[in-house]
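Printed here is structure_21.json (JSON, N, CA and C atoms):
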```
[["chain", "number", "residue", "atom", "x", "y", "z"],
["A", 1, "MET", "N", -21.13, -6.34, -18.84],
["A", 1, "MET", "CA", -19.87, -6.52, -18.17],
["A", 1, "MET", "C", -19.94, -5.85, -16.80],
["A", 2, "LYS", "N", -19.65, -6.63, -15.77],
["A", 2, "LYS", "CA", -19.61, -6.11, -14.40],
["A", 2, "LYS", "C", -18.18, -6.23, -13.89],
["A", 3, "PRO", "N", -17.45, -5.12, -13.86],
["A", 3, "PRO", "CA", -16.06, -5.21, -13.41],
["A", 3, "PRO", "C", -15.96, -5.45, -11.91],
["A", 4, "LEU", "N", -14.92, -6.19, -11.52],
["A", 4, "LEU", "CA", -14.66, -6.48, -10.12],
["A", 4, "LEU", "C", -13.21, -6.18, -9.79],
["A", 5, "LEU", "N", -12.99, -5.82, -8.54],
["A", 5, "LEU", "CA", -11.66, -5.77, -7.95],
["A", 5, "LEU", "C", -11.63, -6.88, -6.91],
["A", 6, "VAL", "N", -10.76, -7.85, -7.10],
["A", 6, "VAL", "CA", -10.66, -8.98, -6.18],
["A", 6, "VAL", "C", -9.37, -8.83, -5.38],
["A", 7, "LEU", "N", -9.48, -9.03, -4.08],
["A", 7, "LEU", "CA", -8.35, -8.87, -3.18],
["A", 7, "LEU", "C", -7.97, -10.21, -2.56],
["A", 8, "THR", "N", -6.68, -10.45, -2.48],
["A", 8, "THR", "CA", -6.18, -11.60, -1.74],
["A", 8, "THR", "C", -4.79, -11.25, -1.23],
["A", 9, "ASN", "N", -4.32, -12.03, -0.27],
["A", 9, "ASN", "CA", -2.96, -11.91, 0.26],
["A", 9, "ASN", "C", -2.32, -13.28, 0.21],
["A", 10, "VAL", "N", -1.03, -13.31, -0.08],
["A", 10, "VAL", "CA", -0.26, -14.56, -0.06],
["A", 10, "VAL", "C", 0.97, -14.34, 0.83],
["A", 11, "PRO", "N", 1.56, -15.42, 1.33],
["A", 11, "PRO", "CA", 2.62, -15.26, 2.32],
["A", 11, "PRO", "C", 3.97, -14.77, 1.80],
["A", 12, "ASP", "N", 4.23, -14.86, 0.49],
["A", 12, "ASP", "CA", 5.56, -14.44, 0.02],
["A", 12, "ASP", "C", 5.51, -14.01, -1.44],
["A", 13, "ARG", "N", 6.58, -13.35, -1.86],
["A", 13, "ARG", "CA", 6.66, -12.79, -3.22],
["A", 13, "ARG", "C", 6.59, -13.87, -4.30],
["A", 14, "GLY", "N", 7.22, -15.01, -4.06],
["A", 14, "GLY", "CA", 7.19, -16.08, -5.05],
["A", 14, "GLY", "C", 5.78, -16.58, -5.30],
["A", 15, "ALA", "N", 5.02, -16.79, -4.23],
["A", 15, "ALA", "CA", 3.62, -17.22, -4.37],
["A", 15, "ALA", "C", 2.80, -16.15, -5.08],
["A", 16, "ALA", "N", 3.09, -14.88, -4.78],
["A", 16, "ALA", "CA", 2.37, -13.77, -5.41],
["A", 16, "ALA", "C", 2.60, -13.74, -6.91],
["A", 17, "GLU", "N", 3.86, -13.84, -7.32],
["A", 17, "GLU", "CA", 4.19, -13.81, -8.75],
["A", 17, "GLU", "C", 3.57, -15.00, -9.48],
["A", 18, "LYS", "N", 3.65, -16.18, -8.88],
["A", 18, "LYS", "CA", 3.10, -17.39, -9.50],
["A", 18, "LYS", "C", 1.60, -17.27, -9.67],
["A", 19, "LEU", "N", 0.90, -16.81, -8.63],
["A", 19, "LEU", "CA", -0.55, -16.68, -8.71],
["A", 19, "LEU", "C", -0.95, -15.59, -9.70],
["A", 20, "ALA", "N", -0.28, -14.45, -9.67],
["A", 20, "ALA", "CA", -0.59, -13.36, -10.60],
["A", 20, "ALA", "C", -0.42, -13.81, -12.04],
["A", 21, "LEU", "N", 0.67, -14.50, -12.33],
["A", 21, "LEU", "CA", 0.92, -14.99, -13.69],
["A", 21, "LEU", "C", -0.16, -15.97, -14.13],
["A", 22, "ALA", "N", -0.53, -16.90, -13.26],
["A", 22, "ALA", "CA", -1.57, -17.87, -13.61],
["A", 22, "ALA", "C", -2.90, -17.18, -13.90],
["A", 23, "LEU", "N", -3.25, -16.19, -13.12],
["A", 23, "LEU", "CA", -4.52, -15.48, -13.33],
["A", 23, "LEU", "C", -4.54, -14.75, -14.66],
["A", 24, "VAL", "N", -3.45, -14.09, -15.01],
["A", 24, "VAL", "CA", -3.40, -13.33, -16.27],
["A", 24, "VAL", "C", -3.27, -14.28, -17.47],
["A", 25, "GLU", "N", -2.43, -15.30, -17.35],
["A", 25, "GLU", "CA", -2.26, -16.23, -18.47],
["A", 25, "GLU", "C", -3.56, -16.95, -18.82],
["A", 26, "ARG", "N", -4.36, -17.27, -17.82],
["A", 26, "ARG", "CA", -5.63, -17.98, -18.08],
["A", 26, "ARG", "C", -6.79, -17.03, -18.38],
["A", 27, "ARG", "N", -6.49, -15.75, -18.52],
["A", 27, "ARG", "CA", -7.48, -14.71, -18.82],
["A", 27, "ARG", "C", -8.55, -14.59, -17.73],
["A", 28, "ALA", "N", -8.23, -15.03, -16.52],
["A", 28, "ALA", "CA", -9.13, -14.83, -15.40],
["A", 28, "ALA", "C", -9.08, -13.37, -14.96],
["A", 29, "ALA", "N", -7.93, -12.73, -15.18],
["A", 29, "ALA", "CA", -7.73, -11.32, -14.81],
["A", 29, "ALA", "C", -7.04, -10.60, -15.95],
["A", 30, "ALA", "N", -7.37, -9.32, -16.10],
["A", 30, "ALA", "CA", -6.68, -8.48, -17.08],
["A", 30, "ALA", "C", -5.35, -7.99, -16.53],
["A", 31, "CYS", "N", -5.32, -7.79, -15.21],
["A", 31, "CYS", "CA", -4.15, -7.24, -14.56],
["A", 31, "CYS", "C", -4.17, -7.65, -13.10],
["A", 32, "VAL", "N", -3.00, -7.93, -12.55],
["A", 32, "VAL", "CA", -2.85, -8.19, -11.12],
["A", 32, "VAL", "C", -1.71, -7.31, -10.61],
["A", 33, "ASN", "N", -2.01, -6.45, -9.65],
["A", 33, "ASN", "CA", -0.98, -5.65, -9.01],
["A", 33, "ASN", "C", -0.44, -6.44, -7.82],
["A", 34, "VAL", "N", 0.86, -6.67, -7.83],
["A", 34, "VAL", "CA", 1.55, -7.32, -6.72],
["A", 34, "VAL", "C", 2.15, -6.18, -5.89],
["A", 35, "LEU", "N", 1.58, -5.97, -4.72],
["A", 35, "LEU", "CA", 1.97, -4.84, -3.88],
["A", 35, "LEU", "C", 3.12, -5.21, -2.95],
["A", 36, "PRO", "N", 3.75, -4.19, -2.35],
["A", 36, "PRO", "CA", 4.78, -4.47, -1.35],
["A", 36, "PRO", "C", 4.17, -5.19, -0.14],
["A", 37, "ALA", "N", 5.01, -5.83, 0.61],
["A", 37, "ALA", "CA", 4.55, -6.58, 1.78],
["A", 37, "ALA", "C", 3.84, -5.68, 2.78],
["A", 38, "CYS", "N", 2.87, -6.27, 3.45],
["A", 38, "CYS", "CA", 2.18, -5.60, 4.55],
["A", 38, "CYS", "C", 2.23, -6.54, 5.75],
["A", 39, "HIS", "N", 1.93, -6.02, 6.91],
["A", 39, "HIS", "CA", 1.92, -6.84, 8.12],
["A", 39, "HIS", "C", 0.47, -7.01, 8.55],
["A", 40, "SER", "N", 0.00, -8.23, 8.63],
["A", 40, "SER", "CA", -1.39, -8.52, 8.99],
["A", 40, "SER", "C", -1.46, -9.10, 10.40],
["A", 41, "ILE", "N", -2.45, -8.65, 11.15],
["A", 41, "ILE", "CA", -2.76, -9.18, 12.47],
["A", 41, "ILE", "C", -4.20, -9.64, 12.41],
["A", 42, "TYR", "N", -4.46, -10.89, 12.78],
["A", 42, "TYR", "CA", -5.79, -11.46, 12.62],
["A", 42, "TYR", "C", -6.01, -12.57, 13.64],
["A", 43, "ARG", "N", -7.27, -12.91, 13.82],
["A", 43, "ARG", "CA", -7.62, -14.01, 14.71],
["A", 43, "ARG", "C", -7.85, -15.24, 13.85],
["A", 44, "TRP", "N", -7.23, -16.36, 14.23],
["A", 44, "TRP", "CA", -7.37, -17.61, 13.49],
["A", 44, "TRP", "C", -7.41, -18.76, 14.48],
["A", 45, "ARG", "N", -8.50, -19.50, 14.42],
["A", 45, "ARG", "CA", -8.68, -20.68, 15.28],
["A", 45, "ARG", "C", -8.45, -20.36, 16.76],
["A", 46, "GLY", "N", -9.04, -19.24, 17.18],
["A", 46, "GLY", "CA", -9.01, -18.87, 18.59],
["A", 46, "GLY", "C", -7.76, -18.16, 19.07],
["A", 47, "ALA", "N", -6.80, -17.93, 18.21],
["A", 47, "ALA", "CA", -5.57, -17.27, 18.61],
["A", 47, "ALA", "C", -5.30, -16.05, 17.73],
["A", 48, "VAL", "N", -4.65, -15.06, 18.30],
["A", 48, "VAL", "CA", -4.25, -13.90, 17.51],
["A", 48, "VAL", "C", -2.93, -14.25, 16.82],
["A", 49, "GLU", "N", -2.92, -14.05, 15.51],
["A", 49, "GLU", "CA", -1.75, -14.36, 14.67],
["A", 49, "GLU", "C", -1.24, -13.08, 14.02],
["A", 50, "ALA", "N", -0.02, -13.12, 13.55],
["A", 50, "ALA", "CA", 0.55, -12.00, 12.81],
["A", 50, "ALA", "C", 1.54, -12.57, 11.79],
["A", 51, "ARG", "N", 1.55, -11.97, 10.61],
["A", 51, "ARG", "CA", 2.54, -12.37, 9.60],
["A", 51, "ARG", "C", 2.62, -11.30, 8.52],
["A", 52, "ASP", "N", 3.74, -11.30, 7.83],
["A", 52, "ASP", "CA", 3.88, -10.44, 6.66],
["A", 52, "ASP", "C", 3.24, -11.16, 5.48],
["A", 53, "GLU", "N", 2.58, -10.38, 4.63],
["A", 53, "GLU", "CA", 1.89, -10.93, 3.46],
["A", 53, "GLU", "C", 2.07, -10.00, 2.27],
["A", 54, "ILE", "N", 1.87, -10.54, 1.10],
["A", 54, "ILE", "CA", 1.91, -9.77, -0.14],
["A", 54, "ILE", "C", 0.48, -9.61, -0.65],
["A", 55, "PRO", "N", -0.05, -8.38, -0.70],
["A", 55, "PRO", "CA", -1.40, -8.17, -1.21],
["A", 55, "PRO", "C", -1.42, -8.20, -2.75],
["A", 56, "LEU", "N", -2.49, -8.75, -3.28],
["A", 56, "LEU", "CA", -2.73, -8.75, -4.73],
["A", 56, "LEU", "C", -4.04, -8.03, -5.01],
["A", 57, "LEU", "N", -4.03, -7.15, -6.01],
["A", 57, "LEU", "CA", -5.23, -6.48, -6.50],
["A", 57, "LEU", "C", -5.50, -7.04, -7.89],
["A", 58, "ILE", "N", -6.61, -7.74, -8.02],
["A", 58, "ILE", "CA", -6.93, -8.48, -9.24],
["A", 58, "ILE", "C", -8.08, -7.77, -9.96],
["A", 59, "LYS", "N", -7.83, -7.32, -11.20],
["A", 59, "LYS", "CA", -8.86, -6.65, -11.98],
["A", 59, "LYS", "C", -9.49, -7.65, -12.96],
["A", 60, "THR", "N", -10.81, -7.82, -12.84],
["A", 60, "THR", "CA", -11.50, -8.84, -13.61],
["A", 60, "THR", "C", -12.96, -8.45, -13.80],
["A", 61, "THR", "N", -13.78, -9.42, -14.17],
["A", 61, "THR", "CA", -15.22, -9.21, -14.29],
["A", 61, "THR", "C", -15.95, -10.26, -13.46],
["A", 62, "ALA", "N", -17.20, -9.97, -13.16],
["A", 62, "ALA", "CA", -18.00, -10.91, -12.36],
["A", 62, "ALA", "C", -18.09, -12.28, -13.03],
["A", 63, "ALA", "N", -18.13, -12.29, -14.34],
["A", 63, "ALA", "CA", -18.21, -13.56, -15.07],
["A", 63, "ALA", "C", -16.98, -14.43, -14.82],
["A", 64, "ASN", "N", -15.86, -13.82, -14.51],
["A", 64, "ASN", "CA", -14.62, -14.56, -14.29],
["A", 64, "ASN", "C", -14.36, -14.91, -12.83],
["A", 65, "TYR", "N", -15.23, -14.47, -11.93],
["A", 65, "TYR", "CA", -14.97, -14.75, -10.51],
["A", 65, "TYR", "C", -14.85, -16.25, -10.22],
["A", 66, "PRO", "N", -15.70, -17.12, -10.76],
["A", 66, "PRO", "CA", -15.53, -18.54, -10.46],
["A", 66, "PRO", "C", -14.15, -19.09, -10.86],
["A", 67, "LEU", "N", -13.61, -18.63, -11.98],
["A", 67, "LEU", "CA", -12.28, -19.06, -12.40],
["A", 67, "LEU", "C", -11.21, -18.50, -11.46],
["A", 68, "ILE", "N", -11.36, -17.23, -11.06],
["A", 68, "ILE", "CA", -10.43, -16.63, -10.08],
["A", 68, "ILE", "C", -10.42, -17.49, -8.81],
["A", 69, "GLU", "N", -11.60, -17.80, -8.31],
["A", 69, "GLU", "CA", -11.69, -18.58, -7.08],
["A", 69, "GLU", "C", -11.05, -19.95, -7.24],
["A", 70, "ALA", "N", -11.28, -20.60, -8.35],
["A", 70, "ALA", "CA", -10.70, -21.93, -8.59],
["A", 70, "ALA", "C", -9.17, -21.87, -8.62],
["A", 71, "ILE", "N", -8.62, -20.87, -9.30],
["A", 71, "ILE", "CA", -7.17, -20.74, -9.40],
["A", 71, "ILE", "C", -6.57, -20.42, -8.03],
["A", 72, "VAL", "N", -7.20, -19.51, -7.31],
["A", 72, "VAL", "CA", -6.69, -19.16, -5.98],
["A", 72, "VAL", "C", -6.75, -20.36, -5.05],
["A", 73, "ARG", "N", -7.86, -21.08, -5.04],
["A", 73, "ARG", "CA", -7.97, -22.26, -4.18],
["A", 73, "ARG", "C", -6.90, -23.30, -4.52],
["A", 74, "ALA", "N", -6.62, -23.48, -5.80],
["A", 74, "ALA", "CA", -5.64, -24.49, -6.23],
["A", 74, "ALA", "C", -4.21, -24.08, -5.88],
["A", 75, "GLN", "N", -3.90, -22.79, -5.91],
["A", 75, "GLN", "CA", -2.50, -22.36, -5.76],
["A", 75, "GLN", "C", -2.18, -21.73, -4.41],
["A", 76, "HIS", "N", -3.17, -21.30, -3.67],
["A", 76, "HIS", "CA", -2.91, -20.59, -2.41],
["A", 76, "HIS", "C", -2.48, -21.58, -1.34],
["A", 77, "PRO", "N", -1.43, -21.26, -0.58],
["A", 77, "PRO", "CA", -0.95, -22.19, 0.44],
["A", 77, "PRO", "C", -1.82, -22.27, 1.70],
["A", 78, "ASP", "N", -2.70, -21.30, 1.94],
["A", 78, "ASP", "CA", -3.54, -21.31, 3.14],
["A", 78, "ASP", "C", -4.77, -22.20, 2.95],
["A", 79, "ASP", "N", -5.23, -22.81, 4.04],
["A", 79, "ASP", "CA", -6.44, -23.63, 3.99],
["A", 79, "ASP", "C", -7.66, -22.80, 3.61],
["A", 80, "VAL", "N", -7.74, -21.59, 4.16],
["A", 80, "VAL", "CA", -8.85, -20.68, 3.88],
["A", 80, "VAL", "C", -8.25, -19.34, 3.44],
["A", 81, "PRO", "N", -7.98, -19.19, 2.15],
["A", 81, "PRO", "CA", -7.37, -17.94, 1.68],
["A", 81, "PRO", "C", -8.36, -16.78, 1.73],
["A", 82, "GLU", "N", -7.82, -15.61, 2.01],
["A", 82, "GLU", "CA", -8.65, -14.41, 1.88],
["A", 82, "GLU", "C", -8.97, -14.22, 0.40],
["A", 83, "LEU", "N", -10.24, -14.04, 0.10],
["A", 83, "LEU", "CA", -10.65, -13.77, -1.27],
["A", 83, "LEU", "C", -11.91, -12.92, -1.19],
["A", 84, "ILE", "N", -11.78, -11.65, -1.54],
["A", 84, "ILE", "CA", -12.86, -10.68, -1.43],
["A", 84, "ILE", "C", -13.04, -10.01, -2.78],
["A", 85, "ALA", "N", -14.26, -9.98, -3.27],
["A", 85, "ALA", "CA", -14.56, -9.31, -4.55],
["A", 85, "ALA", "C", -15.40, -8.07, -4.27],
["A", 86, "VAL", "N", -14.96, -6.95, -4.83],
["A", 86, "VAL", "CA", -15.64, -5.68, -4.66],
["A", 86, "VAL", "C", -16.08, -5.20, -6.03],
["A", 87, "PRO", "N", -17.37, -4.90, -6.19],
["A", 87, "PRO", "CA", -17.82, -4.38, -7.50],
["A", 87, "PRO", "C", -17.19, -3.02, -7.78],
["A", 88, "ILE", "N", -16.81, -2.82, -9.01],
["A", 88, "ILE", "CA", -16.31, -1.51, -9.45],
["A", 88, "ILE", "C", -17.51, -0.78, -10.04],
["A", 89, "THR", "N", -17.95, 0.25, -9.35],
["A", 89, "THR", "CA", -19.16, 0.96, -9.79],
["A", 89, "THR", "C", -18.85, 2.11, -10.72],
["A", 90, "HIS", "N", -17.63, 2.62, -10.67],
["A", 90, "HIS", "CA", -17.23, 3.73, -11.53],
["A", 90, "HIS", "C", -15.78, 3.52, -11.94],
["A", 91, "GLY", "N", -15.44, 4.02, -13.11],
["A", 91, "GLY", "CA", -14.08, 3.94, -13.59],
["A", 91, "GLY", "C", -13.99, 4.52, -14.98],
["A", 92, "LEU", "N", -12.79, 4.74, -15.43],
["A", 92, "LEU", "CA", -12.58, 5.24, -16.78],
["A", 92, "LEU", "C", -13.14, 4.22, -17.76],
["A", 93, "PRO", "N", -14.12, 4.58, -18.58],
["A", 93, "PRO", "CA", -14.74, 3.60, -19.47],
["A", 93, "PRO", "C", -13.74, 2.83, -20.33],
["A", 94, "ALA", "N", -12.74, 3.50, -20.87],
["A", 94, "ALA", "CA", -11.76, 2.81, -21.72],
["A", 94, "ALA", "C", -11.00, 1.75, -20.93],
["A", 95, "TYR", "N", -10.68, 2.04, -19.66],
["A", 95, "TYR", "CA", -9.97, 1.07, -18.83],
["A", 95, "TYR", "C", -10.87, -0.13, -18.53],
["A", 96, "LEU", "N", -12.11, 0.13, -18.17],
["A", 96, "LEU", "CA", -13.04, -0.96, -17.86],
["A", 96, "LEU", "C", -13.33, -1.80, -19.10],
["A", 97, "ASP", "N", -13.38, -1.18, -20.26],
["A", 97, "ASP", "CA", -13.53, -1.93, -21.51],
["A", 97, "ASP", "C", -12.32, -2.83, -21.75],
["A", 98, "TRP", "N", -11.13, -2.31, -21.45],
["A", 98, "TRP", "CA", -9.91, -3.10, -21.59],
["A", 98, "TRP", "C", -9.95, -4.32, -20.67],
["A", 99, "VAL", "N", -10.37, -4.14, -19.42],
["A", 99, "VAL", "CA", -10.49, -5.26, -18.48],
["A", 99, "VAL", "C", -11.41, -6.32, -19.06],
["A", 100, "ALA", "N", -12.56, -5.90, -19.57],
["A", 100, "ALA", "CA", -13.51, -6.85, -20.14],
["A", 100, "ALA", "C", -12.92, -7.57, -21.35],
["A", 101, "LYS", "N", -12.26, -6.83, -22.23],
["A", 101, "LYS", "CA", -11.69, -7.42, -23.44],
["A", 101, "LYS", "C", -10.60, -8.45, -23.11],
["A", 102, "GLU", "N", -9.73, -8.10, -22.16],
["A", 102, "GLU", "CA", -8.62, -8.98, -21.83],
["A", 102, "GLU", "C", -9.01, -10.23, -21.05],
["A", 103, "THR", "N", -10.22, -10.25, -20.53],
["A", 103, "THR", "CA", -10.68, -11.41, -19.77],
["A", 103, "THR", "C", -11.73, -12.22, -20.54],
["A", 104, "GLU", "N", -11.97, -11.85, -21.80],
["A", 104, "GLU", "CA", -12.88, -12.64, -22.62],
["A", 104, "GLU", "C", -12.25, -13.99, -22.93],
["A", 105, "LYS", "N", -13.07, -14.98, -23.03],
["A", 105, "LYS", "CA", -12.59, -16.32, -23.36],
["A", 105, "LYS", "C", -12.35, -16.41, -24.87],
["A", 106, "HIS", "N", -11.20, -16.96, -25.22],
["A", 106, "HIS", "CA", -10.86, -17.18, -26.62],
["A", 106, "HIS", "C", -10.63, -18.67, -26.82],
["A", 107, "ASP", "N", -11.55, -19.30, -27.48],
["A", 107, "ASP", "CA", -11.43, -20.76, -27.69],
["A", 107, "ASP", "C", -10.66, -21.11, -28.93]]
```
Conversion result in C-alpha cells:
Amino acid sequence: MKPLLVLTNVPDRGAAEKLALALVERRAAACVNVLPACHSIYRWRGAVEARDEIPLLIKTTAANYPLIEAIVRAQHPDDVPELIAVPITHGLPAYLDWVAKETEKHD
C-alpha cells in the first residue's frame, strides 16, 4: 500500500461537495477535506488570472490514483483541472491502514 495525498481546487463549494462525495462513495478516497476558500493567482493561456477556489485534500492510495483522475476529469468544470499527487512517506500507521482499508475494492 502506497498512500497518497491528492490535491485539487474547484471553483465553488457545491462542486467541492459533489466531487468529494463521489470520490468517497466510489471508494477512490478514504477521506476528502473540503477546505475554506482560497484566492489563487495564476497564468493561463498567456494572461494572469485570479479567482477564489475551494481546495480539496484527498487521502487515497497509489492504486486508486487512476480512478481519482477519472472522477476528477469527469466532474471538474475546468478544461485542465489541477491534480497533484504527493506520496505520503510517513504517518500514523493505524491511520494509513484505515486509508488503505477504506479504499479497497469490494465487488
Which polymer residues, protein or nucleic acid, are no farther than 9 Å from (-18.9, -2.9, -15.5), counting only C-alpha atoms, as an MDAnalysis selection string? chainID A and resid 1:4 61:62 87:91 93 96:97 100
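The shell of residues at most 6 Å from region 9-17 of chain A, with all atoms listed in the file counted and near chain neighbours (fewer than 6 positions) removed, consists of Asp52, Glu53, Ile54, Pro55, Leu56 and Glu82 of chain A.
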Using only C-alpha atoms, determine which residues lie at most 12 Å from region 20-27 of chain A, disregarding the query and same-chain residues fewer than 2 positions distant; provide the list as a compact mmCIF listing (two decimals) with N, CA and C atoms, in the coordinates of the input.
```txt
# COMPACT_ATOMS: atom_id res chain seq x y z
N VAL A 6 -10.76 -7.85 -7.10
CA VAL A 6 -10.66 -8.98 -6.18
C VAL A 6 -9.37 -8.83 -5.38
N LEU A 7 -9.48 -9.03 -4.08
CA LEU A 7 -8.35 -8.87 -3.18
C LEU A 7 -7.97 -10.21 -2.56
N THR A 8 -6.68 -10.45 -2.48
CA THR A 8 -6.18 -11.60 -1.74
C THR A 8 -4.79 -11.25 -1.23
N ASN A 9 -4.32 -12.03 -0.27
CA ASN A 9 -2.96 -11.91 0.26
C ASN A 9 -2.32 -13.28 0.21
N VAL A 10 -1.03 -13.31 -0.08
CA VAL A 10 -0.26 -14.56 -0.06
C VAL A 10 0.97 -14.34 0.83
N ARG A 13 6.58 -13.35 -1.86
CA ARG A 13 6.66 -12.79 -3.22
C ARG A 13 6.59 -13.87 -4.30
N GLY A 14 7.22 -15.01 -4.06
CA GLY A 14 7.19 -16.08 -5.05
C GLY A 14 5.78 -16.58 -5.30
N ALA A 15 5.02 -16.79 -4.23
CA ALA A 15 3.62 -17.22 -4.37
C ALA A 15 2.80 -16.15 -5.08
N ALA A 16 3.09 -14.88 -4.78
CA ALA A 16 2.37 -13.77 -5.41
C ALA A 16 2.60 -13.74 -6.91
N GLU A 17 3.86 -13.84 -7.32
CA GLU A 17 4.19 -13.81 -8.75
C GLU A 17 3.57 -15.00 -9.48
N LYS A 18 3.65 -16.18 -8.88
CA LYS A 18 3.10 -17.39 -9.50
C LYS A 18 1.60 -17.27 -9.67
N ALA A 29 -7.93 -12.73 -15.18
CA ALA A 29 -7.73 -11.32 -14.81
C ALA A 29 -7.04 -10.60 -15.95
N ALA A 30 -7.37 -9.32 -16.10
CA ALA A 30 -6.68 -8.48 -17.08
C ALA A 30 -5.35 -7.99 -16.53
N CYS A 31 -5.32 -7.79 -15.21
CA CYS A 31 -4.15 -7.24 -14.56
C CYS A 31 -4.17 -7.65 -13.10
N VAL A 32 -3.00 -7.93 -12.55
CA VAL A 32 -2.85 -8.19 -11.12
C VAL A 32 -1.71 -7.31 -10.61
N ASN A 33 -2.01 -6.45 -9.65
CA ASN A 33 -0.98 -5.65 -9.01
C ASN A 33 -0.44 -6.44 -7.82
N VAL A 34 0.86 -6.67 -7.83
CA VAL A 34 1.55 -7.32 -6.72
C VAL A 34 2.15 -6.18 -5.89
N LEU A 35 1.58 -5.97 -4.72
CA LEU A 35 1.97 -4.84 -3.88
C LEU A 35 3.12 -5.21 -2.95
N ILE A 54 1.87 -10.54 1.10
CA ILE A 54 1.91 -9.77 -0.14
C ILE A 54 0.48 -9.61 -0.65
N PRO A 55 -0.05 -8.38 -0.70
CA PRO A 55 -1.40 -8.17 -1.21
C PRO A 55 -1.42 -8.20 -2.75
N LEU A 56 -2.49 -8.75 -3.28
CA LEU A 56 -2.73 -8.75 -4.73
C LEU A 56 -4.04 -8.03 -5.01
N LEU A 57 -4.03 -7.15 -6.01
CA LEU A 57 -5.23 -6.48 -6.50
C LEU A 57 -5.50 -7.04 -7.89
N ILE A 58 -6.61 -7.74 -8.02
CA ILE A 58 -6.93 -8.48 -9.24
C ILE A 58 -8.08 -7.77 -9.96
N LYS A 59 -7.83 -7.32 -11.20
CA LYS A 59 -8.86 -6.65 -11.98
C LYS A 59 -9.49 -7.65 -12.96
N THR A 60 -10.81 -7.82 -12.84
CA THR A 60 -11.50 -8.84 -13.61
C THR A 60 -12.96 -8.45 -13.80
N THR A 61 -13.78 -9.42 -14.17
CA THR A 61 -15.22 -9.21 -14.29
C THR A 61 -15.95 -10.26 -13.46
N ALA A 63 -18.13 -12.29 -14.34
CA ALA A 63 -18.21 -13.56 -15.07
C ALA A 63 -16.98 -14.43 -14.82
N ASN A 64 -15.86 -13.82 -14.51
CA ASN A 64 -14.62 -14.56 -14.29
C ASN A 64 -14.36 -14.91 -12.83
N TYR A 65 -15.23 -14.47 -11.93
CA TYR A 65 -14.97 -14.75 -10.51
C TYR A 65 -14.85 -16.25 -10.22
N PRO A 66 -15.70 -17.12 -10.76
CA PRO A 66 -15.53 -18.54 -10.46
C PRO A 66 -14.15 -19.09 -10.86
N LEU A 67 -13.61 -18.63 -11.98
CA LEU A 67 -12.28 -19.06 -12.40
C LEU A 67 -11.21 -18.50 -11.46
N ILE A 68 -11.36 -17.23 -11.06
CA ILE A 68 -10.43 -16.63 -10.08
C ILE A 68 -10.42 -17.49 -8.81
N GLU A 69 -11.60 -17.80 -8.31
CA GLU A 69 -11.69 -18.58 -7.08
C GLU A 69 -11.05 -19.95 -7.24
N ALA A 70 -11.28 -20.60 -8.35
CA ALA A 70 -10.70 -21.93 -8.59
C ALA A 70 -9.17 -21.87 -8.62
N ILE A 71 -8.62 -20.87 -9.30
CA ILE A 71 -7.17 -20.74 -9.40
C ILE A 71 -6.57 -20.42 -8.03
N VAL A 72 -7.20 -19.51 -7.31
CA VAL A 72 -6.69 -19.16 -5.98
C VAL A 72 -6.75 -20.36 -5.05
N ARG A 73 -7.86 -21.08 -5.04
CA ARG A 73 -7.97 -22.26 -4.18
C ARG A 73 -6.90 -23.30 -4.52
N ALA A 74 -6.62 -23.48 -5.80
CA ALA A 74 -5.64 -24.49 -6.23
C ALA A 74 -4.21 -24.08 -5.88
N GLN A 75 -3.90 -22.79 -5.91
CA GLN A 75 -2.50 -22.36 -5.76
C GLN A 75 -2.18 -21.73 -4.41
N HIS A 76 -3.17 -21.30 -3.67
CA HIS A 76 -2.91 -20.59 -2.41
C HIS A 76 -2.48 -21.58 -1.34
N VAL A 99 -10.37 -4.14 -19.42
CA VAL A 99 -10.49 -5.26 -18.48
C VAL A 99 -11.41 -6.32 -19.06
N ALA A 100 -12.56 -5.90 -19.57
CA ALA A 100 -13.51 -6.85 -20.14
C ALA A 100 -12.92 -7.57 -21.35
N LYS A 101 -12.26 -6.83 -22.23
CA LYS A 101 -11.69 -7.42 -23.44
C LYS A 101 -10.60 -8.45 -23.11
N GLU A 102 -9.73 -8.10 -22.16
CA GLU A 102 -8.62 -8.98 -21.83
C GLU A 102 -9.01 -10.23 -21.05
N THR A 103 -10.22 -10.25 -20.53
CA THR A 103 -10.68 -11.41 -19.77
C THR A 103 -11.73 -12.22 -20.54
N GLU A 104 -11.97 -11.85 -21.80
CA GLU A 104 -12.88 -12.64 -22.62
C GLU A 104 -12.25 -13.99 -22.93
N LYS A 105 -13.07 -14.98 -23.03
CA LYS A 105 -12.59 -16.32 -23.36
C LYS A 105 -12.35 -16.41 -24.87
N HIS A 106 -11.20 -16.96 -25.22
CA HIS A 106 -10.86 -17.18 -26.62
C HIS A 106 -10.63 -18.67 -26.82
N ASP A 107 -11.55 -19.30 -27.48
CA ASP A 107 -11.43 -20.76 -27.69
C ASP A 107 -10.66 -21.11 -28.93
```
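Between atom C of Ala47 (chain A) and atom C of Pro77 (chain A) the interatomic distance comes to 17.5 Å.
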DSSP on the backbone, then: every residue of chain A marked alpha helix (DSSP H), written as a ChimeraX atom specification. /A:13-25,65-75,93-102
I'd like the interatomic distance between CA of Leu92 (chain A) and CA of Pro36 (chain A), to a tenth of an Å. 25.2 Å
Take CA of Ser40 (chain A) and CA of Leu19 (chain A) and report the distance between them in Å, one decimal. 19.5 Å
Assign secondary structure with DSSP using the backbone only, and return the residues of region 28-102 of chain A in strand (DSSP E) as a PyMOL selection string. chain A and resi 31-34+38-44+47-61+84-87
